[in-house]
Every structure is written in structure tokens, then in C-alpha cells.
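Chemist: A single structure is presented below for examination.
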Amino acid sequence: MTINYDETFKRSITNPDDFWGEAAENCHWYKRWDKVLDDSNKPLYRWFTGGETNTCYNALDFHIDNGRGEQNALIYDSPVTGVVETYTYSQLRDSVAKFAGLLASVGVSKGDRILIYMPMIAEAAIAMLACARIGAIHSVVFGGFAANELAVRIDDAKPKVVVSASCGIEITRVIPYKPLLDEAINISTHKPGNCIIFQRSQEKAGLVPERDIDWAEAMVTANPHECVPMLATDPAYILYTSGTTGAPKGVVRDIGGHIVALKWSMKGVYDINPGDVYWAASDIGWVVGHSYIVYAPLFQGCTTILYEGKPVGTPDAGAFWRVISDHKVNALFTAPTAFRAIKRDDPQGELLKTYDLSSLKTLFLAGERTDPDTLKWAENKLGIPVIDHWWQTETGWAIAANCMGVEKLKVKDGSPTKPAPGWDLQVVDANTQPVKTGEIGALVIKLPLPPGSLPTLWHNDEGYVKTYLDEFPGYYKTADAGFIDEEGYVFVMSRTDDIINVAGHRLSTGAMEEILTDHPDVAEAAVLGVDDKLKGEIPVGFLILNSGVDRDHGVIVNEVIQMVRDRIGPVASFKVATIVDRLPKTRSGKILRGTIRKIANNQEYKTPATIDDPTILSEMETALAKIGYASGKPN
Ligand code: COA
Ligand code: AMP
């Protein structure tokens with residue numbers, strides 16, 4: 001690998017065939033590709049067309065064939081159950097092969113969809129890898145989503161089988177998963193043929209005769225299944241993510257590009273070698289979990305940690321340090337919110353001192369912008385490079401990063417450094433014209449996107465083009481706004497749509513508004529993300545009631561909070577709402593969200609020239625003060 005950022009980046013953009021072709025040589029192929037970059041159907045680009053490979057083979061069998069069978073592949077560390085379990089590459093491959101055989105025995109084959117709704121247990125990774133082994137397309141749904149969100153995904157992906165567990169554990173609370181799954185199947189139109197349920201000792205789920213299969217019982221007689229060669233352009237998985245409405249978008253990842261890009265990123269972005277221990281403290285329900293708990297570390301022949309716990313409370317703010325020292329972790333990847341939680345509970349970092357963290361080389365943060373306070377705290381306490389990197393569910397890996405395996409660049413507070421190789425990032429105005437250096441504009445990526453990013457949305461090429469490619473012809477719209485400074489450093493400032501980022505979780509305020517206006521007493525609603533010390537942002541709801549409603553306001557607020565919890569799930573963290581007589585709007589009727597947000601965040605704001613009635617701003621200040629938000633001062 002060239003050890004110079006500028007040269008490496010330039011080569012990736014000017015000669016992608018050469019760059020990614022070389023990276024692909026490090027992966028296993030049953031049949032070599034005909035073309036590295038296939039641009040025959042622009043704007044839909046494909047990578048490694050004609051090539052045949054298998055994700056699971058690259059993650060497991062490849063390493064066993066190359067002498068790593070006895071190395072640890074996965075360590076399941078669960079402070080919530082007190083269990084630590086280690087799987088060598090051979091042991092993990094054997095479990096995965098058997099589960100793949102079990103899936104095949106119930107009729108699952110290439111191209112079938114499997115929905116996985118699991119807590120952070122090793123069986124979740126086993127199920128994902130087993131799908132990959134037989135070419136089934138998994139769609140993992142995060143455990144914190146409610147039955148309704150699960151049903152929406154079941155109806156879109158139409159899974160033949162659902163794989164789930166009897167429960168999740170949130171610190172000390174046992175959360176039964178099976179009733180949520182049963183409810184989801186009850187309300188969905190599509191009905192999966194079977195559900196395979198992993199029974200945990202903390203909760204035994206009732207099984208539906210004929211449909212439900214007990215994981216452990218069925219594994220006793222399951223026959224191992226070999227890897228099935230797949231086209232590089234076949235889908236590996238679907239991962240649903242929030243869009244601007246209640247309907248989530250099914251982000252597709254293809255097989256070949258995914259293997260090549262993620263394997264490259266392990267060395268290029270993270271400077272991690274085969275045999276190293278890599279820990280992404282996230283959840284398999286999110287893209288970070290897909291890419292960096294399960295796939296990339298295994299493609300690279302590392303030991304990956306699957307952690308069922310929190311940064312604090314399991315049992316304390318030393319939880320991460322304990323895992324790092326117990327398993328000799330070399331790189332940790334998590335969200336800034338996790339570090340804010342640790343810093344809140346142990347500001348002096350006293351607990352750090354009781355552990356040996358000498359194995360840890362680098363801390364990587366993503367999911368939201370790393371605020372300078374958190375960056376500095378982590379740097380001071382750990383004494384290692386702290387690297388903010390920017391990416392999205394859609395992109396599958398980092399768009400911008402300080403690529404530690406290419407060239408270690410200086411860190412600038414608030415910046416995820418420079419575009420990673422493959423990402424031709426530009427800043428443009430509404431007419432797709434480049435803005436001046438340092439000026440804020442839309443962050444867009446010149447097509448083609450590199451391997452590993454989404455080729456399309458599930459069964460929806462048209463939606464893909466409309467959502468991401470239409471607004472800036474020739475470019476992918478990230479829906480983030482920001483700027484690039486004179487040294488080429490990227491600064492990601494805000495979303496340009498109604499997505500908010502709550503504890504590193506991506507949520508649509510539009511989806512929440514749809515739920516609020518379903519309440520019979522609510523005429524109109526707005527949901528905004530306001531600053532939160534721990535979670536970065538939290539949603540706050542504003543409700544305008546139908547005329548004549550004289551029910552208790554507190555009761556109505558509690559009802560809408562419960563509705564969001566029931567329909568989206570606890571992950572939404574929707575806990576604050578208030579009733580107002582009216583909302584500040586422009587003369588054309590658009591809610592002035594930016595102004596309300598500034599008032600709530602106690603920032604200075606200008607009365608917008610387009611406002612319909614300026615007197616309403618003082619009403620907003622009073623309304624926000626009532627729910628604990630200091631009012632910003634007009635200037
Ligand atoms: N299954 C069921 N419920 C879940 C869940 C899961 N897998 N994950 C979260 N929840 C629930 C929580 O119990 C909580 O419920 P509550 O409202 O009843 O208390 C709610 O969803 C919100 O959870 P969370 O956002 O995790 O907030 P928290 O207050 O419990 O914890 C942090 C705050 C900062 C400790 C936590 O958000 C965290 O560890 N974040 C790390 C960030 C991360 O992993 N980001 C992923 C992208 S890299
Ligand atoms: P998700 O698809 O859940 O990964 O969320 C992606 C969004 O999170 C991005 O579009 C950004 O808005 C935000 N995001 C993720 N990482 C960063 C980062 N390092 N800096 C700023 N914003 C980020």
C-alpha cells in the first residue's frame with residue numbers, strides 16, 4: 001500500500017479499476033471478475049461484474065484454509081449475563097455451517113430473505129454469516145424497534161424465515177422479544193414460513209406450533225452446509241434506515257464490493273492487521289455492527305468482540321476499560337455518545353487507572369460529529385489518537401477519515417479529516433456548482449461511489465435514483481451539509497433533511513410527526529431535534545390540538561409519547577412534548593424549525609424575514625421554558 005494520502009487518494013479516483021482491482025486480489029474468488037467497475041448502466045454502477053465469491057468463505061473458511069483455524073474469531077462478552085464465550089475460526093465456521101444447514105433444511109436458498117431480530121449474542125452473528133454462506137439475504141432489525149417497525153420491514157423484505165431470540169437484556173431489565181415478533185407477524189401482510197427462536201435462560205418464549213423452531217433443538221440434527229458461490233453483484237443484505245417519512249429505506253449491499261472495500265478499510269482506515277483484536281462497541285442492528293462487528297474484522301482475520309452491555313451501568317463507567325484489558329483490544333470503535341456517558345459518570349477517568357490499556361492503539365468515533373470536549377477528554381485520558389470518521393448506513397464504510405493505514409494526518413477538532421480513498425467528495429450549491437473553499441454547501445459524492453456502498457434500494461431502483469441521485473446530477477447526495485477547508489479537511493455540520501441523530505441512532509422526525517398527528521386530539525404537530533448533553537440530540541414534540549378539545553394536556557402528552565414508543569420503539573427516546581396554540585411559520589406556511597431549535601438550544605436567533613407573525617416567537621420561548629428549555633435571545 002502506498003503510504004501517502006494524496007497519492008493514494010488520487011489513484012483511487014483517477015484509476016479506480018487499478019486501485020480496487022488490486023484490493024480485490026487479497027480476497028477469495030471462485031471466479032475472477034470480468035470488470036472491476038461496470039459503468040454500462042449509468043447512473044447505476046456495479047463493481048466486479050462477472051466475479052463469483054462468497055461472503056462467509058471470505059470471513060471464515062479462507063482463514064482456516066490459511067492456518068488461522070485455532071485463532072479466536074469472535075469473543076462474546078456479556079456483562080449483563082456474566083458470560084464470556086470464545087469461538088475460534090474453526091468453531092465459528094462449524095456453528096455457522098450447521099445453522100446454514102438448518103436454514104437450508106427449511107427451504108431457504110440463494111436470494112431468499114431472512115429477517116434477523118436478535119439481541120447482541122453470538123447467535124446473531126452466526127445467523128448473519130449462515131445466510132451469507134448459502135446466499136440468503138439477511139435483514140437485521142435493531143432490538144429497540146417496536147413491532148410496527150418490524151412489520152414494515154417484514155412486508156418490504158418478505159422474509160421466508162425470521163430468526164429471533166426469546167429476549168434481550170437492557171442492563172438489568174429482561175425485554176421479551178418474542179411477543180414483539182408475534183405482534184409484528186400478526187400485523188404484517190406477508191407471513192414468514194418459519195421463525196427460528198434462540199431460547200435464552202432469562203426468558204422462555206412460547207413457540208407457535210408448525211411455524212416456530214427451537215434453535216438449540218434443531219441444531220442437534222442440522223447438517224453443515226458448504227459455501228455457495230455467488231455473483232459479486234448479488235445482494236449480501238438489506239439494512240433498513242430512516243428516510244424522511246415513516247417508510248424506511250431498504251439499503252442494499254452487494255457481495256463483491258462489500259468484501260473488497262471492508263477488507264481494504266481494515267488496514268487502510270483502521271491500520272489493523274490479521275490477528276489483531278478489534279472491537280466495535282455498537283449493535284448488529286446498525287450499519288456499524290454489520291460492517292465492523294461482523295464482517296470487516298473477520299474478512300481481515302482479526303478477533304472481533306461482540307459486547308452485550310453498555311458503556312455505563314454494566315456495571316460502571318469502567319466497562320469499556322475492562323473489556324479492552326481482558327481481551328487486549330487493539331482498536332475500539334464507538335459513538336461519541338458512549339464517551340459522553342463515561343465522562344459524565346467518571347469525569348476524572350479514575351476507573352481507567354485500574355486497567356491495563358496498553359494494547360489499545362487507536363479510538364475511532366462515528367455516528368455523529370465528535371464534539372471537541374469529548375475528543376479532548378478521550379485524547380487526554382487515553383493518550384492515543386482519537387479519530388472521528390464520517391459515514392452513513394448507505395455508504396457502508398467511512399466517507400471521510402484519518403486513514404491510519406495510509407498516512408496519519410494531523411487531527412483537527414470537529415473534522416473527520418479528509419475523504420477516504422474512493423470517495424470523490426465535493427461541496428456544491430443548489431445548482432450543483434462548487435462553492436468556494438470554506439463555504440458551507442451540500443456534501444455530495446461524484447459518481448461512481450466506491451465498492452461497498454449501496455448500489456440501490458431493495459427492489460426500488462427508481463426510489464434510489466430519486467432519493468440520492470436526482471437533486472445533484474452526476475452526484476450522490478449525502479443529505480449532510482458542511483464545508484472543506486483550505487487544507488482539504490472536511491467539516492460535517494448538519495443534515496439537510498429531517499433526520500436527527502439520537503445517541504448515534506438515526507431517526508426521522510417526519511415519521512414521529514406522522515404518529516403524533518394520528519392522535520385524535522392533535523390537529524398539527526412538529527418534532528425537532530434539540531441539543532442534549534448525553535445523546536447529542538433528542539426529539540421534542542410540539543402539538544396543536546383540534547379546536548374544542550378540553551382534555552387534560554398532560555394526559556394527551558403522555559398518550560402521544562406512548563404512541564411513539566409503541567410504533568417506533570424505545571430507541572426513539574421520545575420523552576418530551578408540549579402543547580402550543582400555534583407554531584412559527586413562514587408566510588407560505590412552512591414551520592420555522594431552525595428558529596425553534598435555536599430558541600430551545602439557547603442560541604441567539606434572528607427573527608426570520610419570512611415569518612408570518614413575529615409575535616409568536618415570545619410564545620415559543622414561554623412554551624419551551626415550561627418544558628425546561630432556556631429561551632434564546634433575539635438579536
Ligand atoms: N433492545 C431493546 N431496547 C433497547 C435496545 C435493544 N437492543 N437498545 C436500546 N433500547 C432501549 C433502552 O433500554 C432505552 O429504553 P428506555 O427508554 O425504556 O430507557 C431506549 O431504548 C433508548 O436507549 P439508548 O439510546 O441506548 O439510551 P440509554 O439512555 O439506555 O443509554 C447511552 C444511553 C449513551 C449509554 C447509549 O445510547 C449507548 O450506549 N450508546 C452507544 C451508541 C451506539 O451504540 N451507537 C450505535 C451507532 S455507532
Ligand atoms: P447512520 O446512517 O445511522 O450511520 O447515520 C448517518 C448520519 O450520521 C450521517 O449522514 C451524519 O449526519 C451523521 N454522522 C455519522 N458520523 C458522523 C461524523 N463522524 N460526523 C458528523 N456526522 C456524522
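Ligands are numbered from 1 in the order shown, chains are lettered A, B, ... in the order of the C-alpha cells, and residues start at 1 in each chain.
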Dump the neighbourhood of ligand 2 as a PyMOL selection string: all residues within 8 Å, distances computed on only C-alpha atoms and all ligand atoms.

Modeler: chain A and resi 241-242+286-288+365-370+388-394+414-416+478-480+491-495+499-501+504-507

Chemist: Okay, now the selection with C-alpha atoms, as an mmCIF file, in the first residue's frame?

Modeler:
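As written to disk, result-v3.cif reads:
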data_model
loop_
_atom_site.group_PDB
_atom_site.id
_atom_site.type_symbol
_atom_site.label_atom_id
_atom_site.label_comp_id
_atom_site.auth_asym_id
_atom_site.auth_seq_id
_atom_site.Cartn_x
_atom_site.Cartn_y
_atom_site.Cartn_z
ATOM 1 C CA THR A 241 -32.689 3.032 7.664
ATOM 2 C CA SER A 242 -34.768 6.093 8.413
ATOM 3 C CA TRP A 286 -26.858 -0.790 12.867
ATOM 4 C CA VAL A 287 -24.504 -0.489 9.930
ATOM 5 C CA VAL A 288 -21.503 -0.136 12.234
ATOM 6 C CA LEU A 365 -15.613 7.542 16.766
ATOM 7 C CA ALA A 366 -18.555 7.854 14.362
ATOM 8 C CA GLY A 367 -22.323 8.011 14.164
ATOM 9 C CA GLU A 368 -22.434 11.727 14.958
ATOM 10 C CA ARG A 369 -19.927 14.559 14.951
ATOM 11 C CA THR A 370 -17.394 14.252 17.766
ATOM 12 C CA ASP A 388 -13.558 10.951 14.185
ATOM 13 C CA HIS A 389 -14.784 9.455 10.924
ATOM 14 C CA TRP A 390 -17.934 10.181 8.970
ATOM 15 C CA TRP A 391 -20.181 7.680 7.293
ATOM 16 C CA GLN A 392 -23.740 6.555 6.732
ATOM 17 C CA THR A 393 -25.777 3.367 6.546
ATOM 18 C CA GLU A 394 -25.827 3.877 2.786
ATOM 19 C CA GLY A 414 -14.589 18.897 14.706
ATOM 20 C CA SER A 415 -13.375 17.399 11.423
ATOM 21 C CA PRO A 416 -13.409 13.749 10.289
ATOM 22 C CA THR A 478 -25.298 12.579 1.375
ATOM 23 C CA ALA A 479 -28.036 14.849 2.824
ATOM 24 C CA ASP A 480 -25.352 16.290 5.077
ATOM 25 C CA PHE A 491 -16.431 19.520 8.295
ATOM 26 C CA VAL A 492 -19.872 17.910 8.550
ATOM 27 C CA MET A 493 -22.254 20.428 10.073
ATOM 28 C CA SER A 494 -25.868 19.271 9.817
ATOM 29 C CA ARG A 495 -28.388 17.180 7.939
ATOM 30 C CA ILE A 499 -33.216 13.187 10.135
ATOM 31 C CA ILE A 500 -31.931 13.611 13.670
ATOM 32 C CA ASN A 501 -29.190 11.747 15.455
ATOM 33 C CA GLY A 504 -25.759 7.837 17.380
ATOM 34 C CA HIS A 505 -29.100 6.411 16.227
ATOM 35 C CA ARG A 506 -30.607 7.847 13.090
ATOM 36 C CA LEU A 507 -34.272 8.799 13.393
#

Chemist: How would you write, as an MDAnalysis selection string, the set of residues no farther than 7 Å from ligand 1 when counting only C-alpha atoms and all ligand atoms?

Modeler: chainID A and resid 119 142:144 168 170 175 281:283 286 288 310:312 334:335 337:338 341 366:367 502:505 534:535 570:573

Chemist: From the list A:His553, A:His459, A:Lys477, A:Lys98, which residue is nearest Val444 of chain A when using only C-alpha atoms?

Modeler: A:Lys477

Chemist: Among segment 417-483 of chain A, which residues does DSSP mark as strand (DSSP E) when it is run on the backbone? Keep the chain and numbering as in the structure and answer as a ChimeraX atom specification.

Modeler: /A:418-419,425-428,441-446,475-483

Chemist: Which one is closest to Leu360 of chain A: A:Ala319, A:Lys598, A:Gly313, A:Val277? Count only C-alpha atoms.

Modeler: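 Closest to Leu360 of chain A, using only C-alpha atoms: A:Val277.
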
Chemist: Between atom CA of Met266 of chain A and atom CA of Gly349 of chain A, measure the distance and give it in Å to one decimal.

Modeler: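 Pair atom CA of Met266 of chain A / atom CA of Gly349 of chain A returns 28.9 Å.
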